[in-house]
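Enquirer: This is the content of entry_4.cif (mmCIF, C-alpha atoms):
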data_entry
#
loop_
_atom_site.group_PDB
_atom_site.id
_atom_site.type_symbol
_atom_site.label_atom_id
_atom_site.label_comp_id
_atom_site.auth_asym_id
_atom_site.auth_seq_id
_atom_site.Cartn_x
_atom_site.Cartn_y
_atom_site.Cartn_z
ATOM 1 C CA GLY A 129 0.000 0.000 0.000
ATOM 2 C CA GLU A 130 0.921 3.673 -0.212
ATOM 3 C CA VAL A 131 0.150 6.574 2.089
ATOM 4 C CA TYR A 132 0.589 9.996 0.521
ATOM 5 C CA GLY A 133 0.095 13.634 1.318
ATOM 6 C CA ASN A 134 0.945 17.053 -0.007
ATOM 7 C CA VAL A 135 0.540 20.746 0.665
ATOM 8 C CA SER A 136 0.564 23.094 -2.298
ATOM 9 C CA ARG A 137 -0.181 26.655 -3.273
ATOM 10 C CA LEU A 138 -2.977 27.513 -5.693
ATOM 11 C CA PHE A 139 -2.901 30.306 -8.266
ATOM 12 C CA GLU A 140 -5.314 30.827 -11.151
ATOM 13 C CA ALA A 141 -5.570 34.024 -13.170
ATOM 14 C CA PRO A 142 -8.929 35.029 -14.687
ATOM 15 C CA THR A 143 -9.443 34.173 -18.337
ATOM 16 C CA THR A 144 -10.086 36.771 -21.039
ATOM 17 C CA PHE A 145 -13.788 35.893 -21.090
ATOM 18 C CA GLN A 146 -14.044 36.274 -17.316
ATOM 19 C CA LEU A 147 -12.416 39.699 -17.470
ATOM 20 C CA ILE A 148 -14.999 40.786 -20.047
ATOM 21 C CA ASP A 149 -18.047 39.226 -18.350
ATOM 22 C CA GLN A 150 -17.469 40.275 -14.771
ATOM 23 C CA VAL A 151 -20.184 41.651 -12.529
ATOM 24 C CA ARG A 152 -18.678 45.058 -11.820
ATOM 25 C CA GLY A 153 -18.103 45.968 -15.478
ATOM 26 C CA GLY A 154 -16.326 49.142 -16.551
ATOM 27 C CA ASN A 155 -12.554 49.242 -16.238
ATOM 28 C CA THR A 156 -12.420 47.217 -13.012
ATOM 29 C CA THR A 157 -10.490 43.941 -13.072
ATOM 30 C CA LEU A 158 -10.836 40.570 -11.426
ATOM 31 C CA ASP A 159 -8.196 39.378 -8.979
ATOM 32 C CA PRO A 160 -6.508 35.998 -9.496
ATOM 33 C CA MET A 161 -7.514 33.121 -7.235
ATOM 34 C CA THR A 162 -4.912 32.129 -4.656
ATOM 35 C CA GLY A 163 -4.906 29.675 -1.796
ATOM 36 C CA THR A 164 -3.425 26.685 -0.022
ATOM 37 C CA VAL A 165 -4.460 23.060 -0.531
ATOM 38 C CA ALA A 166 -3.632 20.134 1.769
ATOM 39 C CA GLU A 167 -4.345 16.498 0.887
ATOM 40 C CA VAL A 168 -3.726 13.113 2.511
ATOM 41 C CA GLY A 169 -4.620 9.709 1.122
ATOM 42 C CA TRP A 170 -4.149 5.954 1.142
ATOM 43 C CA ARG A 171 -4.165 3.574 -1.821
ATOM 44 C CA SER A 172 -3.595 -0.156 -1.824
ATOM 45 C CA ARG A 173 -4.711 -3.510 -3.166
ATOM 46 C CA THR A 174 -4.976 -7.006 -1.707
ATOM 47 C CA GLY A 175 -5.783 -10.504 -2.911
ATOM 48 C CA GLN A 176 -4.446 -13.175 -5.219
ATOM 49 C CA ALA A 177 -4.472 -13.217 -8.999
ATOM 50 C CA GLN A 178 -7.182 -15.904 -9.232
ATOM 51 C CA GLY A 179 -8.949 -15.290 -5.904
ATOM 52 C CA THR A 180 -10.763 -12.341 -4.397
ATOM 53 C CA ARG A 181 -9.051 -9.006 -5.031
ATOM 54 C CA VAL A 182 -9.740 -5.647 -3.391
ATOM 55 C CA ASN A 183 -8.358 -2.227 -4.357
ATOM 56 C CA TRP A 184 -8.984 1.202 -2.909
ATOM 57 C CA ASP A 185 -7.840 4.807 -3.138
ATOM 58 C CA VAL A 186 -9.154 7.180 -0.457
ATOM 59 C CA ALA A 187 -8.149 10.847 -0.092
ATOM 60 C CA ALA A 188 -9.249 13.783 2.046
ATOM 61 C CA TYR A 189 -8.470 17.385 1.154
ATOM 62 C CA TYR A 190 -8.929 20.927 2.426
ATOM 63 C CA ALA A 191 -8.423 24.153 0.479
ATOM 64 C CA ARG A 192 -8.747 27.747 1.643
ATOM 65 C CA ILE A 193 -9.119 30.050 -1.351
ATOM 66 C CA ARG A 194 -8.903 33.816 -1.628
ATOM 67 C CA ASN A 195 -10.722 35.697 -4.391
ATOM 68 C CA GLU A 196 -12.367 32.583 -5.838
ATOM 69 C CA ILE A 197 -13.859 33.379 -9.241
ATOM 70 C CA LEU A 198 -17.484 32.245 -9.292
ATOM 71 C CA SER A 199 -20.072 32.443 -12.065
ATOM 72 C CA LEU A 200 -23.682 33.546 -11.746
ATOM 73 C CA ASP A 201 -26.443 34.007 -14.302
ATOM 74 C CA ASP A 202 -26.891 37.522 -15.722
ATOM 75 C CA PRO A 203 -30.357 38.656 -14.509
ATOM 76 C CA ASP A 204 -30.604 41.045 -17.485
ATOM 77 C CA ALA A 205 -29.725 38.313 -20.021
ATOM 78 C CA PRO A 206 -30.726 34.851 -18.713
ATOM 79 C CA GLY A 207 -28.503 32.097 -20.013
ATOM 80 C CA ASN A 208 -25.408 34.334 -19.994
ATOM 81 C CA SER A 209 -22.913 34.132 -17.155
ATOM 82 C CA LEU A 210 -21.231 36.879 -15.174
ATOM 83 C CA VAL A 211 -18.290 36.310 -12.850
ATOM 84 C CA THR A 212 -17.112 37.853 -9.610
ATOM 85 C CA ASN A 213 -14.474 37.451 -6.896
ATOM 86 C CA ILE A 214 -15.481 36.061 -3.477
ATOM 87 C CA ASP A 215 -13.169 37.093 -0.631
ATOM 88 C CA THR A 216 -12.652 33.693 1.026
ATOM 89 C CA THR A 217 -14.071 30.219 0.458
ATOM 90 C CA THR A 218 -13.195 26.748 1.709
ATOM 91 C CA HIS A 219 -13.320 23.502 -0.270
ATOM 92 C CA ALA A 220 -13.136 20.311 1.769
ATOM 93 C CA GLY A 221 -14.073 16.776 0.927
ATOM 94 C CA VAL A 222 -13.370 13.075 0.713
ATOM 95 C CA GLU A 223 -12.884 11.114 -2.497
ATOM 96 C CA ALA A 224 -12.895 7.313 -2.464
ATOM 97 C CA LEU A 225 -12.662 4.603 -5.102
ATOM 98 C CA VAL A 226 -13.216 1.014 -3.961
ATOM 99 C CA GLY A 227 -13.360 -2.060 -6.168
ATOM 100 C CA THR A 228 -13.382 -5.812 -5.725
ATOM 101 C CA SER A 229 -13.101 -8.797 -8.011
ATOM 102 C CA LEU A 230 -14.796 -11.916 -6.625
ATOM 103 C CA SER A 231 -14.046 -15.367 -8.036
ATOM 104 C CA LEU A 232 -17.227 -17.391 -8.685
ATOM 105 C CA GLY A 233 -15.451 -20.386 -10.161
ATOM 106 C CA ALA A 234 -12.865 -21.064 -12.829
ATOM 107 C CA ALA A 235 -14.571 -19.000 -15.549
ATOM 108 C CA HIS A 236 -16.762 -16.511 -13.648
ATOM 109 C CA ARG A 237 -16.075 -13.306 -11.760
ATOM 110 C CA LEU A 238 -18.131 -10.526 -10.186
ATOM 111 C CA ASP A 239 -16.531 -7.061 -10.297
ATOM 112 C CA PRO A 240 -18.299 -4.403 -8.169
ATOM 113 C CA GLN A 241 -16.795 -0.907 -8.150
ATOM 114 C CA VAL A 242 -17.927 2.381 -6.613
ATOM 115 C CA SER A 243 -16.527 5.908 -6.436
ATOM 116 C CA VAL A 244 -17.854 8.340 -3.833
ATOM 117 C CA THR A 245 -17.229 12.067 -3.404
ATOM 118 C CA LEU A 246 -18.340 14.016 -0.332
ATOM 119 C CA ASN A 247 -18.237 17.803 -0.704
ATOM 120 C CA ARG A 248 -18.203 20.606 1.822
ATOM 121 C CA PHE A 249 -17.729 23.814 -0.185
ATOM 122 C CA ARG A 250 -18.597 26.982 1.736
ATOM 123 C CA PHE A 251 -18.203 30.735 1.961
ATOM 124 C CA ALA A 252 -15.922 31.641 4.861
ATOM 125 C CA ALA A 253 -17.431 34.377 7.061
ATOM 126 C CA ASP A 254 -18.549 36.281 3.976
ATOM 127 C CA PRO A 255 -20.121 39.677 4.817
ATOM 128 C CA LEU A 256 -23.100 38.901 2.565
ATOM 129 C CA TYR A 257 -23.382 35.098 2.446
ATOM 130 C CA GLY A 258 -21.956 34.101 5.830
ATOM 131 C CA SER A 259 -20.977 30.412 5.810
ATOM 132 C CA ASN A 260 -23.505 29.343 3.163
ATOM 133 C CA ARG A 261 -22.739 26.401 0.929
ATOM 134 C CA LEU A 262 -21.369 27.217 -2.502
ATOM 135 C CA PRO A 263 -24.066 26.647 -5.124
ATOM 136 C CA ALA A 264 -24.110 23.962 -7.836
ATOM 137 C CA ALA A 265 -21.798 21.559 -5.941
ATOM 138 C CA PRO A 266 -23.781 18.531 -4.669
ATOM 139 C CA ARG A 267 -23.327 17.300 -1.113
ATOM 140 C CA TYR A 268 -22.276 13.920 -2.467
ATOM 141 C CA ALA A 269 -21.864 11.985 -5.711
ATOM 142 C CA ALA A 270 -21.683 8.198 -5.979
ATOM 143 C CA ARG A 271 -21.139 6.263 -9.190
ATOM 144 C CA GLY A 272 -20.554 2.578 -9.646
ATOM 145 C CA GLU A 273 -21.253 -0.689 -11.367
ATOM 146 C CA VAL A 274 -21.548 -4.402 -10.616
ATOM 147 C CA LEU A 275 -20.281 -6.354 -13.627
ATOM 148 C CA TYR A 276 -20.380 -10.095 -14.213
ATOM 149 C CA ARG A 277 -17.432 -11.268 -16.322
ATOM 150 C CA HIS A 278 -16.928 -14.589 -18.077
ATOM 151 C CA ALA A 279 -13.528 -15.934 -19.094
ATOM 152 C CA SER A 280 -14.688 -15.889 -22.734
ATOM 153 C CA GLY A 281 -14.722 -12.066 -22.621
ATOM 154 C CA ILE A 282 -18.424 -11.430 -22.099
ATOM 155 C CA TYR A 283 -19.390 -8.927 -19.373
ATOM 156 C CA ALA A 284 -22.662 -7.332 -18.267
ATOM 157 C CA GLY A 285 -24.204 -5.656 -15.259
ATOM 158 C CA PRO A 286 -26.042 -2.676 -13.778
ATOM 159 C CA THR A 287 -24.612 0.807 -13.235
ATOM 160 C CA PHE A 288 -25.787 3.531 -10.874
ATOM 161 C CA ASP A 289 -25.406 7.272 -10.303
ATOM 162 C CA PHE A 290 -26.573 9.054 -7.145
ATOM 163 C CA ILE A 291 -26.201 12.839 -6.889
ATOM 164 C CA GLY A 292 -26.991 14.765 -3.699
ATOM 165 C CA GLN A 293 -28.865 17.961 -3.036
ATOM 166 C CA ARG A 294 -27.538 21.224 -4.504
ATOM 167 C CA TYR A 295 -28.289 24.914 -4.190
ATOM 168 C CA GLY A 296 -29.052 27.156 -7.164
ATOM 169 C CA ASP A 297 -28.105 30.475 -5.541
ATOM 170 C CA PHE A 298 -25.584 32.073 -3.221
ATOM 171 C CA ALA A 299 -28.319 32.748 -0.646
ATOM 172 C CA ASN A 300 -29.048 28.989 -0.324
ATOM 173 C CA SER A 301 -32.763 29.696 -0.770
ATOM 174 C CA TYR A 302 -33.215 27.656 -3.985
ATOM 175 C CA THR A 303 -32.782 23.894 -3.497
ATOM 176 C CA VAL A 304 -32.294 21.363 -6.273
ATOM 177 C CA ASP A 305 -33.315 17.846 -5.244
ATOM 178 C CA ARG A 306 -31.052 14.820 -5.242
ATOM 179 C CA TYR A 307 -31.532 12.096 -7.845
ATOM 180 C CA GLY A 308 -30.559 8.531 -8.665
ATOM 181 C CA LEU A 309 -30.147 6.826 -12.039
ATOM 182 C CA ILE A 310 -29.825 3.151 -12.938
ATOM 183 C CA GLY A 311 -28.238 1.885 -16.143
ATOM 184 C CA LEU A 312 -27.026 -1.289 -17.795
ATOM 185 C CA ARG A 313 -23.662 -1.988 -19.430
ATOM 186 C CA ALA A 314 -22.567 -5.020 -21.459
ATOM 187 C CA GLY A 315 -19.904 -5.994 -23.957
ATOM 188 C CA PHE A 316 -17.360 -8.471 -25.200
ATOM 189 C CA ASN A 317 -13.562 -8.284 -24.941
ATOM 190 C CA GLY A 318 -11.580 -9.942 -27.723
ATOM 191 C CA ARG A 319 -7.803 -10.232 -27.864
ATOM 192 C CA ARG A 320 -7.310 -6.841 -29.504
ATOM 193 C CA TRP A 321 -10.789 -5.387 -29.701
ATOM 194 C CA GLU A 322 -13.890 -4.697 -27.636
ATOM 195 C CA VAL A 323 -17.534 -4.149 -28.544
ATOM 196 C CA PHE A 324 -19.761 -2.565 -25.920
ATOM 197 C CA GLY A 325 -23.182 -1.082 -25.320
ATOM 198 C CA GLU A 326 -24.844 0.864 -22.536
ATOM 199 C CA LEU A 327 -28.333 1.923 -21.522
ATOM 200 C CA ARG A 328 -28.353 5.064 -19.365
ATOM 201 C CA ASN A 329 -31.262 6.272 -17.241
ATOM 202 C CA LEU A 330 -32.919 2.887 -17.643
ATOM 203 C CA PHE A 331 -36.166 3.945 -15.930
ATOM 204 C CA ASP A 332 -36.425 7.269 -17.826
ATOM 205 C CA THR A 333 -36.157 9.311 -14.621
ATOM 206 C CA ASP A 334 -36.665 13.090 -14.755
ATOM 207 C CA TYR A 335 -33.680 14.874 -13.187
ATOM 208 C CA ILE A 336 -31.690 18.102 -13.263
ATOM 209 C CA ALA A 337 -28.259 17.645 -14.841
ATOM 210 C CA THR A 338 -26.933 21.226 -14.682
ATOM 211 C CA LEU A 339 -28.080 24.605 -13.428
ATOM 212 C CA SER A 340 -27.275 28.285 -13.634
ATOM 213 C CA VAL A 341 -26.524 30.209 -10.434
ATOM 214 C CA LEU A 342 -28.091 33.447 -9.190
ATOM 215 C CA ASN A 343 -27.429 35.602 -6.134
ATOM 216 C CA VAL A 344 -30.969 34.958 -4.896
ATOM 217 C CA ALA A 345 -33.178 32.736 -7.040
ATOM 218 C CA ALA A 346 -36.963 33.105 -7.037
ATOM 219 C CA PRO A 347 -39.017 29.910 -6.739
ATOM 220 C CA ASN A 348 -39.855 30.100 -10.450
ATOM 221 C CA ALA A 349 -36.350 31.060 -11.607
ATOM 222 C CA ARG A 350 -35.419 29.570 -14.978
ATOM 223 C CA VAL A 351 -32.061 28.110 -13.983
ATOM 224 C CA LEU A 352 -32.581 24.351 -14.390
ATOM 225 C CA TYR A 353 -31.470 22.180 -17.309
ATOM 226 C CA PRO A 354 -32.897 18.632 -17.524
ATOM 227 C CA GLY A 355 -30.756 15.557 -17.983
ATOM 228 C CA ALA A 356 -30.970 13.066 -20.832
ATOM 229 C CA PRO A 357 -33.866 10.596 -20.891
ATOM 230 C CA LEU A 358 -33.457 6.861 -21.484
ATOM 231 C CA SER A 359 -30.542 6.678 -23.922
ATOM 232 C CA ALA A 360 -28.591 3.918 -25.679
ATOM 233 C CA TYR A 361 -24.910 4.020 -26.641
ATOM 234 C CA THR A 362 -22.747 1.485 -28.455
ATOM 235 C CA GLY A 363 -19.197 1.389 -29.705
ATOM 236 C CA LEU A 364 -16.233 -0.634 -30.932
ATOM 237 C CA ARG A 365 -12.620 -0.288 -29.771
ATOM 238 C CA PHE A 366 -9.414 -1.663 -31.284
ATOM 239 C CA PHE A 367 -6.166 -2.010 -29.299
ATOM 240 C CA LEU A 368 -2.915 -1.479 -31.222
#
Translate this structure into structure tokens?

Expert:
Amino acid sequence: GEVYGNVSRLFEAPTTFQLIDQVRGGNTTLDPMTGTVAEVGWRSRTGQAQGTRVNWDVAAYYARIRNEILSLDDPDAPGNSLVTNIDTTTHAGVEALVGTSLSLGAAHRLDPQVSVTLNRFRFAADPLYGSNRLPAAPRYAARGEVLYRHASGIYAGPTFDFIGQRYGDFANSYTVDRYGLIGLRAGFNGRRWEVFGELRNLFDTDYIATLSVLNVAAPNARVLYPGAPLSAYTGLRFFL
């Protein structure tokens, strides 16, 4: 296994588009984002080649950012973004990837895998927004699959996506509900090629994929963008 950690400085200058589309307008300029990021993690794997195998990579991080550049929807031109500096924000969270490979006999395996992200993004004692959560970032995101694999190369199994609650404004008055999606993935691995197919949003669930952000969003604010309905994808890959 491996335990790792690092502390680094963050610097990001505003882009040309951000300088043009900033909230204050005129000849004022945006400040670059700066900050400090600390991270610690642990990755490892166990098990035998033909038996049960387990692998994981877990990391926790904390960042304190000055002058973070955030986007919000232009109230005078909905659908267009404006940007502004926020004095101080904090980004903290945990990211984990865990997978196993379970032997079910000489020719059969079951391969579950899940990745989970927990977010705690907040304003830091902001004079206007206090310690509100930063909008658009969900509280959690979990994605995974449980695939059956045969020694011949055939694989198939369900997939899942679970996204937590989000806010659509800096005031934390506009809540976007969590959602969960189920899918199905299958394919065949040859020696130097793979054919695959996937059904996403298997139960045709209505959900919000992305959103625009306002300072304070009214209950009927037009800031939500729906996700794709039941969709099918297929493809073919060759390995050189």

Enquirer: Could you tell me which residues the PyMOL selection byres ((chain A and resi 344-352) around 6) returns for this structure, as a list in words?

Expert: Asp297, Ala299, Tyr302, Leu339, Ser340, Leu342, Asn343 and Tyr353 of chain A

Enquirer: Can you list, as a PyMOL selection string, the residues that the PyMOL selection byres ((chain A and resi 362) around 8) selects here?

Expert: chain A and resi 323-326+360-361+363-364

Enquirer: Determine the residue membership of the PyMOL selection byres ((chain A and resi 216) around 6) for the file above and supply it as a PyMOL selection string.

Expert: chain A and resi 193-194+214-215+217+252

Enquirer: Counting all atoms listed in the file, figure out which residue out of A:Leu238, A:Ala141, A:Ile310, A:Ile291 gets nearest to Leu275 (chain A).

Expert: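 Answer, going by the shortest atom-to-atom distance: A:Leu238.
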
Enquirer: If you take every atom of region 283-299 of chain A that the file lists and fit an axis-aligned box around them with 5 Å extra on each side, what centre and edge lengths come out in Å to one decimal, as lines of an AutoDock Vina configuration file?

Expert:
center_x = -24.2
center_y = 11.9
center_z = -10.0
size_x = 19.7
size_y = 51.7
size_z = 28.7

Enquirer: Choose the residue, out of A:Leu158, A:Ile282, A:Val165, A:Leu256, that has the smallest atom-to-atom separation from Arg237 (chain A); count all atoms listed in the file.

Expert: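 Checking each candidate against Arg237 (chain A), we get A:Ile282 as the closest.
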
Enquirer: Any idea what the distance is between CA of Glu196 (chain A) and CA of Ser243 (chain A)?

Expert: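 CA of Ser243 (chain A) lies 27.0 Å from CA of Glu196 (chain A).
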
Enquirer: Using only C-alpha atoms, determine which residues lie at most 12 Å from Leu138 (chain A), disregarding the query and same-chain residues fewer than 2 positions distant; provide the list as a list in words.

Expert: Val135, Ser136, Glu140, Ala141, Pro160, Met161, Thr162, Gly163, Thr164, Val165, Ala166, Ala191, Arg192, Ile193, Arg194, Asn195 and Glu196 of chain A

Enquirer: So the first atom is CA of Val168 (chain A) and the second is CA of Trp184 (chain A); what is the distance between them in Å, to one decimal place?

Expert: 14.1 Å

Enquirer: Would you work out the distance separating CA of Arg277 (chain A) from CA of Gly318 (chain A), expressed in Å to one decimal?

Expert: 12.9 Å

Enquirer: Using only C-alpha atoms, can you tell me which of A:Arg320, A:Arg271, A:Arg365, A:His219 comes closest to Gly308 (chain A)?

Expert: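 Checking each of A:Arg320, A:Arg271, A:Arg365, A:His219 against Gly308 (chain A), counting only C-alpha atoms, the winner is A:Arg271.
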
Enquirer: Using all atoms listed in the file, which residues sit within 10 Å of Phe288 (chain A) once same-chain residues fewer than 3 positions away are excluded, as a list in words?

Expert: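 Within the cut-off, the hits are Val242, Ala270, Arg271, Gly272, Glu273, Val274, Gly308, Leu309, Ile310, Gly311, Leu312, Arg328, Asn329 and Leu330 of chain A.
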
Enquirer: Taking only C-alpha atoms into account, which of A:Asn247, A:Thr157, A:Ser231, A:Ser280 comes nearest Asn213 (chain A)?

Expert: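 Going through A:Asn247, A:Thr157, A:Ser231, A:Ser280 one by one, the smallest distance to Asn213 (chain A) is for A:Thr157.
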
Enquirer: Which residues are close to Ala279 (chain A), i.e. within 10 Å by all atoms listed in the file, leaving aside same-chain residues fewer than 3 positions away? Reply as JSON, numbers by chain.

Expert: {"A": [234, 235, 236, 237, 282, 283, 317]}
